[in-house]
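Visitor: Following this line is data_33.cif, made up of mmCIF, C-alpha atoms:
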```
data_entry
#
loop_
_atom_site.label_atom_id
_atom_site.label_comp_id
_atom_site.auth_asym_id
_atom_site.auth_seq_id
_atom_site.Cartn_x
_atom_site.Cartn_y
_atom_site.Cartn_z
CA MET A 1 119.23 125.21 116.34
CA THR A 2 118.05 126.19 112.87
CA SER A 3 120.27 128.20 110.53
CA LEU A 4 119.65 130.69 107.76
CA ASP A 5 118.78 129.35 104.31
CA ALA A 6 117.25 130.57 101.04
CA THR A 7 113.86 131.15 102.67
CA HIS A 8 115.40 133.97 104.73
CA ASP A 9 116.91 135.80 101.73
CA PRO A 10 115.91 139.47 102.26
CA ALA A 11 115.91 140.02 98.48
CA ALA A 12 113.36 137.28 97.77
CA ARG A 13 110.03 138.38 96.31
CA SER A 14 106.67 136.73 95.73
CA TRP A 15 104.24 136.71 92.81
CA VAL A 16 101.71 137.91 95.42
CA GLU A 17 102.36 141.62 94.89
CA SER A 18 101.09 142.77 98.30
CA ALA A 19 103.75 140.60 99.98
CA ASN A 20 106.46 142.81 98.45
CA GLU A 21 105.14 146.11 99.80
CA ALA A 22 107.21 148.00 102.35
CA GLY A 23 106.02 147.39 105.91
CA CYS A 24 104.06 144.27 105.01
CA ASP A 25 103.74 141.90 107.97
CA PHE A 26 103.63 138.80 105.81
CA PRO A 27 106.34 138.81 103.12
CA ILE A 28 107.59 135.56 101.62
CA GLN A 29 110.28 135.36 104.33
CA ASN A 30 107.57 134.96 107.02
CA LEU A 31 104.91 132.40 105.95
CA PRO A 32 103.12 132.03 109.30
CA PHE A 33 100.48 129.35 109.79
CA GLY A 34 96.90 129.76 110.99
CA ALA A 35 93.45 128.22 110.77
CA PHE A 36 90.40 129.76 109.09
CA SER A 37 86.75 128.86 108.58
CA GLY A 38 86.02 127.27 105.21
CA GLU A 39 82.79 127.60 103.27
CA GLY A 40 81.14 124.82 105.27
CA GLY A 41 82.31 126.24 108.59
CA GLN A 42 85.01 123.63 109.07
CA GLY A 43 88.56 124.63 109.95
CA ARG A 44 91.21 124.79 107.24
CA ILE A 45 94.92 125.49 107.54
CA GLY A 46 96.19 128.62 105.85
CA VAL A 47 99.43 130.52 105.37
CA ALA A 48 99.55 134.32 105.38
CA ILE A 49 101.17 135.91 102.34
CA GLY A 50 100.80 139.65 101.80
CA ASN A 51 97.14 140.58 102.29
CA CYS A 52 96.00 137.09 101.30
CA VAL A 53 95.58 133.65 102.82
CA LEU A 54 96.93 130.64 100.96
CA ASP A 55 94.45 127.75 101.28
CA VAL A 56 96.91 124.94 102.04
CA PRO A 57 94.46 121.99 101.73
CA ALA A 58 93.33 123.35 98.36
CA ALA A 59 96.96 123.51 97.23
CA ILE A 60 97.39 119.86 98.26
CA GLU A 61 94.11 118.73 96.67
CA THR A 62 94.98 120.36 93.32
CA GLU A 63 98.54 118.97 93.51
CA SER A 64 99.89 122.50 93.28
CA ILE A 65 102.19 121.42 96.09
CA THR A 66 103.04 117.85 97.05
CA PHE A 67 104.02 116.21 100.32
CA GLY A 68 104.18 112.68 101.66
CA PRO A 69 100.97 111.18 103.10
CA GLU A 70 101.77 112.02 106.73
CA VAL A 71 102.47 115.70 106.06
CA ALA A 72 99.60 116.06 103.58
CA CYS A 73 97.17 114.56 106.10
CA ALA A 74 98.43 116.83 108.89
CA LEU A 75 98.06 119.94 106.72
CA SER A 76 94.53 118.92 105.75
CA ALA A 77 93.33 118.85 109.37
CA GLU A 78 91.17 121.55 110.98
CA THR A 79 93.95 122.73 113.32
CA LEU A 80 97.74 122.81 113.35
CA ASN A 81 98.18 120.24 116.14
CA ASP A 82 99.07 117.28 113.91
CA PHE A 83 101.49 119.35 111.84
CA MET A 84 103.08 120.81 114.98
CA SER A 85 103.72 117.29 116.27
CA LEU A 86 105.80 116.29 113.21
CA GLY A 87 108.88 118.20 114.32
CA PRO A 88 111.50 120.56 112.87
CA ALA A 89 112.53 118.46 109.87
CA ALA A 90 108.95 118.37 108.55
CA TRP A 91 108.37 122.05 109.41
CA LYS A 92 111.49 122.99 107.44
CA ARG A 93 110.50 120.91 104.38
CA VAL A 94 107.04 122.43 104.27
CA ARG A 95 108.38 125.96 104.64
CA ALA A 96 110.83 125.40 101.77
CA ALA A 97 108.06 124.00 99.53
CA LEU A 98 105.70 126.90 100.31
CA PHE A 99 108.51 129.40 99.69
CA ALA A 100 109.26 127.83 96.29
CA MET A 101 105.55 127.81 95.36
CA LEU A 102 105.04 131.47 96.28
CA HIS A 103 108.34 132.78 94.88
CA GLU A 104 108.15 135.27 92.01
CA ASP A 105 109.81 132.73 89.67
CA ALA A 106 107.03 130.17 90.24
CA PRO A 107 103.74 130.05 88.26
CA ARG A 108 100.93 132.17 89.68
CA GLN A 109 98.32 130.24 91.67
CA ASP A 110 95.77 132.98 92.36
CA ARG A 111 92.89 130.50 92.65
CA LEU A 112 94.45 129.22 95.88
CA LEU A 113 94.37 132.65 97.55
CA ARG A 114 91.59 134.32 99.47
CA PRO A 115 91.48 137.93 100.71
CA MET A 116 92.64 138.12 104.32
CA ALA A 117 90.13 140.89 105.08
CA GLU A 118 87.27 138.55 104.10
CA THR A 119 88.59 135.48 105.94
CA SER A 120 87.29 134.43 109.36
CA MET A 121 90.21 133.27 111.47
CA ARG A 122 90.01 130.67 114.23
CA LEU A 123 92.31 129.54 117.01
CA PRO A 124 95.29 128.02 115.20
CA ALA A 125 95.42 124.95 117.46
CA ALA A 126 93.31 122.99 119.88
CA ILE A 127 95.02 124.24 123.05
CA GLY A 128 95.04 121.44 125.60
CA ASP A 129 97.01 123.24 128.29
CA TYR A 130 98.12 126.80 128.89
CA THR A 131 100.81 127.92 131.33
CA ASP A 132 101.59 131.57 131.94
CA PHE A 133 104.99 132.62 133.23
CA TYR A 134 106.33 135.74 134.96
CA ALA A 135 109.54 136.07 133.01
CA ALA A 136 110.26 139.80 132.66
CA ARG A 137 112.44 141.13 135.46
CA HIS A 138 111.29 144.74 135.11
CA HIS A 139 107.63 143.72 135.41
CA ALA A 140 108.26 141.49 138.42
CA THR A 141 110.32 144.24 140.06
CA ASN A 142 107.70 146.93 139.46
CA VAL A 143 104.90 144.78 140.85
CA GLY A 144 107.04 143.84 143.84
CA ARG A 145 107.73 147.48 144.62
CA MET A 146 104.03 148.31 144.47
CA PHE A 147 102.87 145.58 146.78
CA ARG A 148 105.98 145.19 148.97
CA PRO A 149 107.37 148.76 149.16
CA ASP A 150 109.36 148.03 152.30
CA GLY A 151 110.73 144.67 151.22
CA GLU A 152 112.74 143.04 148.45
CA PRO A 153 110.83 143.47 145.14
CA LEU A 154 111.73 140.01 143.79
CA MET A 155 110.71 136.91 145.68
CA PRO A 156 113.68 134.67 146.61
CA ASN A 157 112.84 132.00 144.01
CA TRP A 158 112.48 134.38 141.04
CA LEU A 159 116.20 134.47 140.18
CA HIS A 160 116.47 130.68 140.34
CA LEU A 161 113.56 129.47 138.21
CA PRO A 162 110.94 130.75 135.74
CA VAL A 163 107.87 131.28 137.94
CA GLY A 164 104.53 130.37 136.37
CA TYR A 165 100.96 129.26 136.97
CA HIS A 166 98.54 127.06 135.07
CA GLY A 167 96.08 129.18 133.10
CA ARG A 168 92.73 128.31 131.58
CA ALA A 169 92.92 126.99 128.01
CA SER A 170 89.14 127.03 127.56
CA SER A 171 88.99 130.84 127.70
CA ILE A 172 91.70 131.53 125.12
CA VAL A 173 90.12 133.33 122.15
CA VAL A 174 91.33 134.57 118.79
CA SER A 175 91.96 138.25 118.05
CA GLY A 176 88.79 140.21 117.31
CA THR A 177 86.71 138.41 119.93
CA ASP A 178 84.85 140.80 122.26
CA ILE A 179 85.77 140.59 125.94
CA VAL A 180 82.94 140.74 128.49
CA ARG A 181 83.87 142.53 131.71
CA PRO A 182 83.92 139.79 134.35
CA TYR A 183 82.23 139.63 137.71
CA GLY A 184 84.24 138.61 140.73
CA GLN A 185 84.62 138.67 144.49
CA LEU A 186 86.16 142.00 145.41
CA ARG A 187 87.26 143.39 148.75
CA PRO A 188 87.11 147.15 149.28
CA ASP A 189 89.92 148.74 151.25
CA GLU A 190 87.72 148.47 154.32
CA GLY A 191 84.90 146.06 155.02
CA PRO A 192 83.89 142.56 153.93
CA PRO A 193 84.16 141.27 150.35
CA VAL A 194 81.40 141.90 147.80
CA PHE A 195 80.44 140.29 144.49
CA GLY A 196 80.22 142.54 141.46
CA PRO A 197 81.72 143.62 138.13
CA CYS A 198 85.49 144.03 137.97
CA GLN A 199 86.47 147.70 138.30
CA LEU A 200 90.22 147.36 137.63
CA LEU A 201 90.30 145.60 134.25
CA ASP A 202 93.75 145.46 132.69
CA TYR A 203 95.61 144.08 129.67
CA GLU A 204 99.02 142.42 129.62
CA LEU A 205 101.44 142.62 126.70
CA GLU A 206 102.71 139.09 126.30
CA PHE A 207 103.81 136.53 123.74
CA GLY A 208 102.96 132.86 123.65
CA ALA A 209 105.03 129.96 122.30
CA PHE A 210 103.29 126.86 120.95
CA VAL A 211 104.76 123.48 121.82
CA GLY A 212 105.35 121.30 118.76
CA ILE A 213 106.95 118.03 119.79
CA GLY A 214 105.76 116.91 123.19
CA ASN A 215 107.34 114.61 125.76
CA GLY A 216 106.13 111.51 127.53
CA MET A 217 105.05 111.47 131.13
CA GLY A 218 108.06 110.99 133.39
CA THR A 219 110.51 112.33 130.80
CA ARG A 220 112.19 115.74 130.64
CA VAL A 221 113.02 118.13 127.81
CA GLY A 222 116.63 119.23 128.25
CA ILE A 223 117.62 122.86 127.90
CA GLY A 224 119.81 122.01 124.91
CA GLU A 225 116.91 120.54 122.94
CA ALA A 226 114.05 122.69 124.20
CA SER A 227 114.09 125.14 121.27
CA GLU A 228 113.58 122.24 118.86
CA HIS A 229 110.32 121.40 120.65
CA LEU A 230 108.83 124.86 120.04
CA PHE A 231 106.83 125.46 116.85
CA GLY A 232 106.21 129.19 116.82
CA VAL A 233 105.10 132.36 118.56
CA VAL A 234 101.90 134.46 118.76
CA ILE A 235 100.99 137.74 120.45
CA LEU A 236 99.15 137.13 123.72
CA ASN A 237 97.01 139.53 125.76
CA ASP A 238 96.31 138.02 129.17
CA TRP A 239 93.36 140.15 130.32
CA SER A 240 93.48 140.63 134.08
CA ALA A 241 90.94 141.59 136.76
CA ARG A 242 93.30 143.36 139.16
CA ASP A 243 90.77 143.90 141.96
CA VAL A 244 89.81 140.22 141.88
CA GLN A 245 93.49 139.31 141.77
CA LYS A 246 94.61 141.32 144.79
CA TRP A 247 91.96 139.64 147.01
CA GLU A 248 92.38 136.06 145.82
CA TYR A 249 96.05 135.61 144.90
CA GLN A 250 97.39 134.58 148.32
CA PRO A 251 98.43 131.90 148.98
CA LEU A 252 98.10 130.02 145.67
CA GLY A 253 98.38 132.74 143.02
CA PRO A 254 96.06 133.87 140.18
CA PHE A 255 92.74 132.09 139.67
CA ASN A 256 89.49 133.83 138.64
CA ALA A 257 91.37 137.07 137.95
CA LYS A 258 92.96 135.37 134.95
CA ASN A 259 90.53 132.70 133.78
CA PHE A 260 87.86 134.75 131.99
CA ALA A 261 89.74 135.56 128.75
CA SER A 262 93.14 135.54 127.07
CA THR A 263 93.45 136.70 123.46
CA ILE A 264 96.01 135.50 120.92
CA SER A 265 96.83 136.66 117.41
CA PRO A 266 95.69 134.22 114.69
CA TRP A 267 99.00 133.74 112.85
CA VAL A 268 101.75 131.57 114.35
CA VAL A 269 105.14 132.95 113.30
CA THR A 270 107.38 129.90 113.18
CA MET A 271 110.69 129.55 114.96
CA GLU A 272 112.19 128.98 111.52
CA ALA A 273 110.97 132.40 110.34
CA LEU A 274 112.36 133.96 113.52
CA THR A 275 115.88 132.58 112.95
CA PRO A 276 117.35 135.93 111.75
CA PHE A 277 116.04 137.60 114.91
CA ARG A 278 117.47 135.23 117.48
CA ALA A 279 119.89 136.60 120.03
CA HIS A 280 122.06 135.20 122.79
CA GLY A 281 120.18 134.07 125.86
CA PRO A 282 118.82 136.53 128.43
CA GLU A 283 121.51 138.45 130.31
CA ARG A 284 121.96 137.79 134.02
CA ALA A 285 122.53 140.84 136.20
CA ALA A 286 125.70 141.26 138.21
CA GLY A 287 125.28 139.49 141.53
CA ASP A 288 122.57 137.10 140.32
CA PRO A 289 123.04 133.55 141.63
CA PRO A 290 124.28 130.95 139.15
CA LEU A 291 121.64 128.86 137.41
CA LEU A 292 121.28 125.16 138.05
CA ASP A 293 122.58 123.04 135.20
CA TYR A 294 119.17 122.05 133.85
CA LEU A 295 118.38 125.74 133.17
CA THR A 296 121.82 126.78 131.90
CA PRO A 297 121.95 127.28 128.12
CA ALA A 298 124.97 126.07 126.21
CA PRO A 299 127.58 128.78 125.52
CA GLY A 300 126.64 130.75 122.42
CA SER A 301 123.04 129.55 122.34
CA ARG A 302 120.58 131.99 120.78
CA ASP A 303 117.39 131.41 122.73
CA SER A 304 116.28 135.05 123.00
CA LEU A 305 114.02 136.65 120.38
CA ASP A 306 114.21 140.27 119.24
CA VAL A 307 110.50 140.99 118.68
CA GLN A 308 109.13 144.53 118.96
CA ALA A 309 105.58 145.35 120.07
CA GLU A 310 103.28 148.36 120.32
CA VAL A 311 100.15 148.64 122.47
CA THR A 312 97.36 151.07 121.54
CA VAL A 313 93.97 151.93 123.01
CA SER A 314 90.91 153.43 121.37
CA SER A 315 87.80 154.48 123.28
CA LYS A 316 84.33 154.24 121.78
CA ALA A 317 84.25 158.04 121.55
CA MET A 318 87.58 158.10 119.73
CA ARG A 319 86.36 155.59 117.16
CA ARG A 320 83.13 157.52 116.58
CA ALA A 321 85.14 160.72 116.03
CA GLY A 322 87.61 158.99 113.73
CA THR A 323 90.48 159.69 116.14
CA PRO A 324 93.43 157.32 115.63
CA PRO A 325 94.25 154.88 118.45
CA MET A 326 96.60 156.20 121.12
CA GLN A 327 99.88 154.44 121.83
CA LEU A 328 100.20 153.27 125.41
CA SER A 329 103.60 151.62 125.34
CA ARG A 330 106.30 149.91 123.29
CA GLY A 331 108.05 146.71 124.35
CA THR A 332 110.45 144.03 123.19
CA LEU A 333 110.52 140.32 123.81
CA ALA A 334 114.28 140.68 124.30
CA ASP A 335 113.48 142.12 127.76
CA LEU A 336 112.50 138.68 129.05
CA SER A 337 114.86 137.37 131.70
CA TRP A 338 113.81 133.78 131.04
CA SER A 339 113.62 132.34 127.51
CA PHE A 340 110.88 130.09 126.17
CA ALA A 341 113.46 127.29 126.08
CA GLN A 342 114.11 127.71 129.82
CA MET A 343 110.36 127.81 130.50
CA LEU A 344 109.86 124.51 128.68
CA ALA A 345 112.86 122.86 130.33
CA HIS A 346 111.61 123.89 133.76
CA HIS A 347 107.98 122.95 133.01
CA THR A 348 109.01 119.40 132.09
CA SER A 349 111.69 119.04 134.77
CA THR A 350 109.28 117.07 136.97
CA GLY A 351 108.33 114.77 134.11
CA CYS A 352 105.22 116.80 133.24
CA PRO A 353 104.04 115.72 129.76
CA MET A 354 103.56 118.41 127.13
CA HIS A 355 101.55 117.98 123.94
CA ALA A 356 101.48 119.60 120.52
CA GLY A 357 99.40 122.77 120.77
CA ASP A 358 100.12 123.48 124.43
CA LEU A 359 100.78 127.20 124.95
CA LEU A 360 103.48 128.85 127.09
CA GLY A 361 102.84 132.50 127.95
CA SER A 362 105.78 134.83 128.60
CA GLY A 363 104.10 136.91 131.28
CA THR A 364 103.92 140.69 130.97
CA VAL A 365 106.75 142.07 128.85
CA SER A 366 108.04 145.27 130.45
CA GLY A 367 111.28 147.18 129.99
CA PRO A 368 113.32 149.67 132.05
CA GLU A 369 111.49 152.81 130.89
CA LYS A 370 107.96 153.88 131.79
CA SER A 371 107.13 153.90 128.07
CA SER A 372 107.95 150.18 127.94
CA ARG A 373 105.70 149.01 130.77
CA GLY A 374 103.40 146.29 129.52
CA CYS A 375 100.17 146.83 131.49
CA LEU A 376 98.08 149.61 133.02
CA LEU A 377 98.91 148.42 136.53
CA GLU A 378 102.48 149.56 135.86
CA LEU A 379 101.79 152.45 133.48
CA THR A 380 99.44 154.17 135.95
CA TRP A 381 101.26 152.82 139.02
CA ARG A 382 98.14 151.18 140.52
CA GLY A 383 95.95 153.99 139.19
CA THR A 384 97.79 156.85 140.88
CA GLU A 385 99.12 158.26 137.57
CA PRO A 386 96.16 158.25 135.14
CA ILE A 387 96.63 158.44 131.38
CA GLU A 388 94.97 161.21 129.36
CA LEU A 389 93.17 160.07 126.18
CA PRO A 390 92.55 162.30 123.13
CA ASP A 391 88.79 162.29 123.85
CA GLY A 392 89.40 164.15 127.13
CA THR A 393 88.88 161.16 129.40
CA GLN A 394 91.37 159.50 131.71
CA ARG A 395 92.33 155.86 132.08
CA ARG A 396 93.56 154.21 135.22
CA PHE A 397 92.21 150.89 133.98
CA LEU A 398 90.15 149.84 130.96
CA GLN A 399 86.57 151.04 130.53
CA ASP A 400 83.66 149.50 128.63
CA GLY A 401 83.93 150.22 124.91
CA ASP A 402 87.74 150.44 124.94
CA GLU A 403 89.54 148.56 122.19
CA LEU A 404 93.01 147.34 123.11
CA THR A 405 95.34 146.32 120.27
CA ILE A 406 98.86 144.86 120.27
CA ASN A 407 100.95 144.79 117.08
CA ALA A 408 104.33 143.08 116.83
CA TRP A 409 107.13 142.77 114.29
CA CYS A 410 110.83 141.96 113.79
CA GLU A 411 113.26 144.03 111.75
CA SER A 412 116.98 144.03 111.12
CA ASP A 413 119.47 145.48 108.66
CA ARG A 414 120.36 141.92 107.67
CA ALA A 415 116.86 140.46 107.22
CA ALA A 416 113.47 141.23 105.75
CA ARG A 417 110.98 142.74 108.17
CA ILE A 418 108.32 140.26 109.29
CA GLY A 419 105.24 140.85 111.42
CA PHE A 420 102.79 139.03 113.64
CA GLY A 421 99.67 140.97 112.63
CA SER A 422 97.55 142.23 115.50
CA CYS A 423 95.88 141.01 118.68
CA SER A 424 92.82 143.02 119.67
CA GLY A 425 89.62 142.98 121.68
CA VAL A 426 86.82 145.36 122.66
CA ILE A 427 85.59 145.50 126.26
CA LEU A 428 81.85 144.87 126.60
CA PRO A 429 79.77 145.70 129.70
CA PRO A 430 79.25 142.94 132.29
CA GLN A 431 76.49 140.48 131.51
CA ASP A 432 73.79 139.59 134.03
CA SER A 433 73.46 135.83 134.53
#
```
Could you express the structure from this file as structure tokens?
Guide:
Amino acid sequence: MTSLDATHDPAARSWVESANEAGCDFPIQNLPFGAFSGEGGQGRIGVAIGNCVLDVPAAIETESITFGPEVACALSAETLNDFMSLGPAAWKRVRAALFAMLHEDAPRQDRLLRPMAETSMRLPAAIGDYTDFYAARHHATNVGRMFRPDGEPLMPNWLHLPVGYHGRASSIVVSGTDIVRPYGQLRPDEGPPVFGPCQLLDYELEFGAFVGIGNGMGTRVGIGEASEHLFGVVILNDWSARDVQKWEYQPLGPFNAKNFASTISPWVVTMEALTPFRAHGPERAAGDPPLLDYLTPAPGSRDSLDVQAEVTVSSKAMRRAGTPPMQLSRGTLADLSWSFAQMLAHHTSTGCPMHAGDLLGSGTVSGPEKSSRGCLLELTWRGTEPIELPDGTQRRFLQDGDELTINAWCESDRAARIGFGSCSGVILPPQDS
């Protein structure tokens, strides 16, 4: 487990003035990694600082910052995969070097910066595999009550293991990418199924953790070492076709309802940057069964993350009128009942190999209050409690032209506030084939 060091000093300031502004997502204590399109269209690794992007390969090429050949080569690649695979010791060295380079006491290096607003971001990694979990108890309970009102909300296995399904890595897109309303096989309440555009399009407030160090086939990642295998966290919106889902999900779970698009934020906030916001592992409720040893964290482990999030929606009419986006809900990653470390330990418990750049989704993050429900399925209780928008329209589920945005941040009295930026997408009408 990482510990606090000089890079977490809340008093530290950068020579990049915008990084020192109150409420900035990317102060010098953050330094998240991403990938952007260079002048020739190729990918380049960058670090967010204030309202700028530090061109890391340019810093290496000009010897403004120096690393050994292995690290320098990894940071000069088009994606973060090679750097992610180097492990915590290398991640920590690079963070310390970047912190020293960007500190207010260091010489200015303005030529290495580019305006973030003028930079085209890409997926930060080549995502080989994507697994989405179902780790928030309040979300699982709410959904269970909707669909099994006369039975137990949680399935028998839910309290024993982090339930998940394999998602579709090929349809993960970076924030700002438009989302086309999908077609699917739908079954009306009465009658045979039909094929047509999804009518119950939803978002899901989630977070995703990128795997750094992988494991070989036939080997397991133990719960005590799992956190050291995780590189960092992004915001994740797992768009969902609820009418497709309710017809197809039995007996094998989500399929086409989840494979058309998932959006992630472009900046990966590292586990090192999140150190001040770690908390003790998820609390078990009274009466919950004991965990098996391979999922039991060591006493005092801090595998939970205190990350706050806000979800807003803006209709096309609202944007035309200049009306600010409307808040739908607020959530916190601390409401997860299963940590990312437990997800990874369970995922590899069969000997399943993981690779650098694989993504683990948290599942919908929902809390105990209605205002903290992380999707429209819950917020409108299957559409029976519609939401009123400022433009006079109602929303049971998302309509064409809606823009859905998730922002996330961490703050504490003992640490500098850091942010994740935003994760957004606009819904486009269905496309004829």
Visitor: Which one is closest to Val365 (chain A): A:Asp189, A:Glu152, A:Glu206, A:Asp178? Count all atoms listed in the file.
Guide: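 Once distances to Val365 (chain A) are computed over all atoms listed in the file, the minimum belongs to A:Glu206.
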Visitor: Using CA of Arg396 (chain A) and CA of Leu376 (chain A) as the two end points, give the distance in Å to one decimal.
Guide: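 Straight-line distance from CA of Arg396 (chain A) to CA of Leu376 (chain A) works out to 6.8 Å.
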Visitor: Give me the result of the PyMOL selection byres ((chain A and resi 185) around 9) on this file, residue by residue, as JSON, numbers by chain.
Guide: {"A": [183, 184, 186, 187, 193, 194, 195, 196, 197, 198, 243, 244, 247, 248]}
Visitor: Restrict the selected residues to C-alpha atoms and save them as a PDB file, keeping the file's coordinate frame.
Guide:
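Output below, filename selection14.pdb:
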```pdb
ATOM      1  CA  TYR A 183      82.230 139.630 137.710  1.00  0.00           C
ATOM      2  CA  GLY A 184      84.240 138.610 140.730  1.00  0.00           C
ATOM      3  CA  LEU A 186      86.160 142.000 145.410  1.00  0.00           C
ATOM      4  CA  ARG A 187      87.260 143.390 148.750  1.00  0.00           C
ATOM      5  CA  PRO A 193      84.160 141.270 150.350  1.00  0.00           C
ATOM      6  CA  VAL A 194      81.400 141.900 147.800  1.00  0.00           C
ATOM      7  CA  PHE A 195      80.440 140.290 144.490  1.00  0.00           C
ATOM      8  CA  GLY A 196      80.220 142.540 141.460  1.00  0.00           C
ATOM      9  CA  PRO A 197      81.720 143.620 138.130  1.00  0.00           C
ATOM     10  CA  CYS A 198      85.490 144.030 137.970  1.00  0.00           C
ATOM     11  CA  ASP A 243      90.770 143.900 141.960  1.00  0.00           C
ATOM     12  CA  VAL A 244      89.810 140.220 141.880  1.00  0.00           C
ATOM     13  CA  TRP A 247      91.960 139.640 147.010  1.00  0.00           C
ATOM     14  CA  GLU A 248      92.380 136.060 145.820  1.00  0.00           C
TER      15      GLU A 248
END
```
Visitor: The PyMOL selection byres ((chain A and resi 87) around 8) on the file shown: which residues, as a list in words?
Guide: Phe83, Met84, Ser85, Leu86, Pro88, Ala89, Ala90, Trp91, Gly212, Ile213, Glu228, His229 and Phe231 of chain A
Visitor: Exactly which residues make up the result of the PyMOL selection byres ((chain A and resi 78) around 9) on this file, given as a PyMOL selection string?
Guide: chain A and resi 35-37+42-45+74-77+79-81+124-125
Visitor: Please provide the set of residues having any atom within 8 Å of region 1-13 of chain A, restricted to all atoms listed in the file, with same-chain residues fewer than 2 positions apart removed, written as number ranges by chain.
Guide: A: 15, 19-20, 27-29, 95-96, 99, 103-104, 227-228, 272-273, 275-276, 414-416
Visitor: How would region 20-38 of chain A look with N, CA and C atoms restored, written as an mmCIF file, in the frame of the given file?
Guide:
```cif
data_model
loop_
_atom_site.group_PDB
_atom_site.id
_atom_site.type_symbol
_atom_site.label_atom_id
_atom_site.label_comp_id
_atom_site.auth_asym_id
_atom_site.auth_seq_id
_atom_site.Cartn_x
_atom_site.Cartn_y
_atom_site.Cartn_z
ATOM 1 N N ASN A 20 105.209 142.093 98.722
ATOM 2 C CA ASN A 20 106.460 142.810 98.450
ATOM 3 C C ASN A 20 106.413 144.267 98.878
ATOM 4 N N GLU A 21 105.280 144.707 99.414
ATOM 5 C CA GLU A 21 105.140 146.110 99.800
ATOM 6 C C GLU A 21 105.901 146.403 101.084
ATOM 7 N N ALA A 22 106.468 147.590 101.152
ATOM 8 C CA ALA A 22 107.210 148.000 102.350
ATOM 9 C C ALA A 22 106.291 147.978 103.564
ATOM 10 N N GLY A 23 106.796 147.442 104.682
ATOM 11 C CA GLY A 23 106.020 147.390 105.910
ATOM 12 C C GLY A 23 105.032 146.259 105.999
ATOM 13 N N CYS A 24 104.982 145.399 104.973
ATOM 14 C CA CYS A 24 104.060 144.270 105.010
ATOM 15 C C CYS A 24 104.452 143.301 106.124
ATOM 16 N N ASP A 25 103.467 142.857 106.899
ATOM 17 C CA ASP A 25 103.740 141.900 107.970
ATOM 18 C C ASP A 25 104.073 140.512 107.457
ATOM 19 N N PHE A 26 103.557 140.186 106.267
ATOM 20 C CA PHE A 26 103.630 138.800 105.810
ATOM 21 C C PHE A 26 104.294 138.673 104.435
ATOM 22 N N PRO A 27 105.595 139.036 104.364
ATOM 23 C CA PRO A 27 106.340 138.810 103.120
ATOM 24 C C PRO A 27 106.655 137.319 102.963
ATOM 25 N N ILE A 28 107.286 136.964 101.880
ATOM 26 C CA ILE A 28 107.590 135.560 101.620
ATOM 27 C C ILE A 28 108.579 134.992 102.631
ATOM 28 N N GLN A 29 109.332 135.833 103.314
ATOM 29 C CA GLN A 29 110.280 135.360 104.330
ATOM 30 C C GLN A 29 109.568 134.949 105.632
ATOM 31 N N ASN A 30 108.280 135.246 105.786
ATOM 32 C CA ASN A 30 107.570 134.960 107.020
ATOM 33 C C ASN A 30 106.817 133.626 106.927
ATOM 34 N N LEU A 31 105.719 133.604 106.168
ATOM 35 C CA LEU A 31 104.910 132.400 105.950
ATOM 36 C C LEU A 31 104.380 131.791 107.261
ATOM 37 N N PRO A 32 103.686 132.585 108.067
ATOM 38 C CA PRO A 32 103.120 132.030 109.300
ATOM 39 C C PRO A 32 101.891 131.174 109.018
ATOM 40 N N PHE A 33 101.599 130.266 109.930
ATOM 41 C CA PHE A 33 100.480 129.350 109.790
ATOM 42 C C PHE A 33 99.316 129.794 110.668
ATOM 43 N N GLY A 34 98.100 129.502 110.212
ATOM 44 C CA GLY A 34 96.900 129.760 110.990
ATOM 45 C C GLY A 34 95.791 128.828 110.556
ATOM 46 N N ALA A 35 94.618 129.012 111.132
ATOM 47 C CA ALA A 35 93.450 128.220 110.770
ATOM 48 C C ALA A 35 92.291 129.174 110.502
ATOM 49 N N PHE A 36 91.530 128.896 109.435
ATOM 50 C CA PHE A 36 90.400 129.760 109.090
ATOM 51 C C PHE A 36 89.165 128.902 108.850
ATOM 52 N N SER A 37 88.014 129.560 108.810
ATOM 53 C CA SER A 37 86.750 128.860 108.580
ATOM 54 C C SER A 37 86.497 128.745 107.084
ATOM 55 N N GLY A 38 86.335 127.506 106.613
ATOM 56 C CA GLY A 38 86.020 127.270 105.210
ATOM 57 C C GLY A 38 84.551 127.533 104.929
#
```
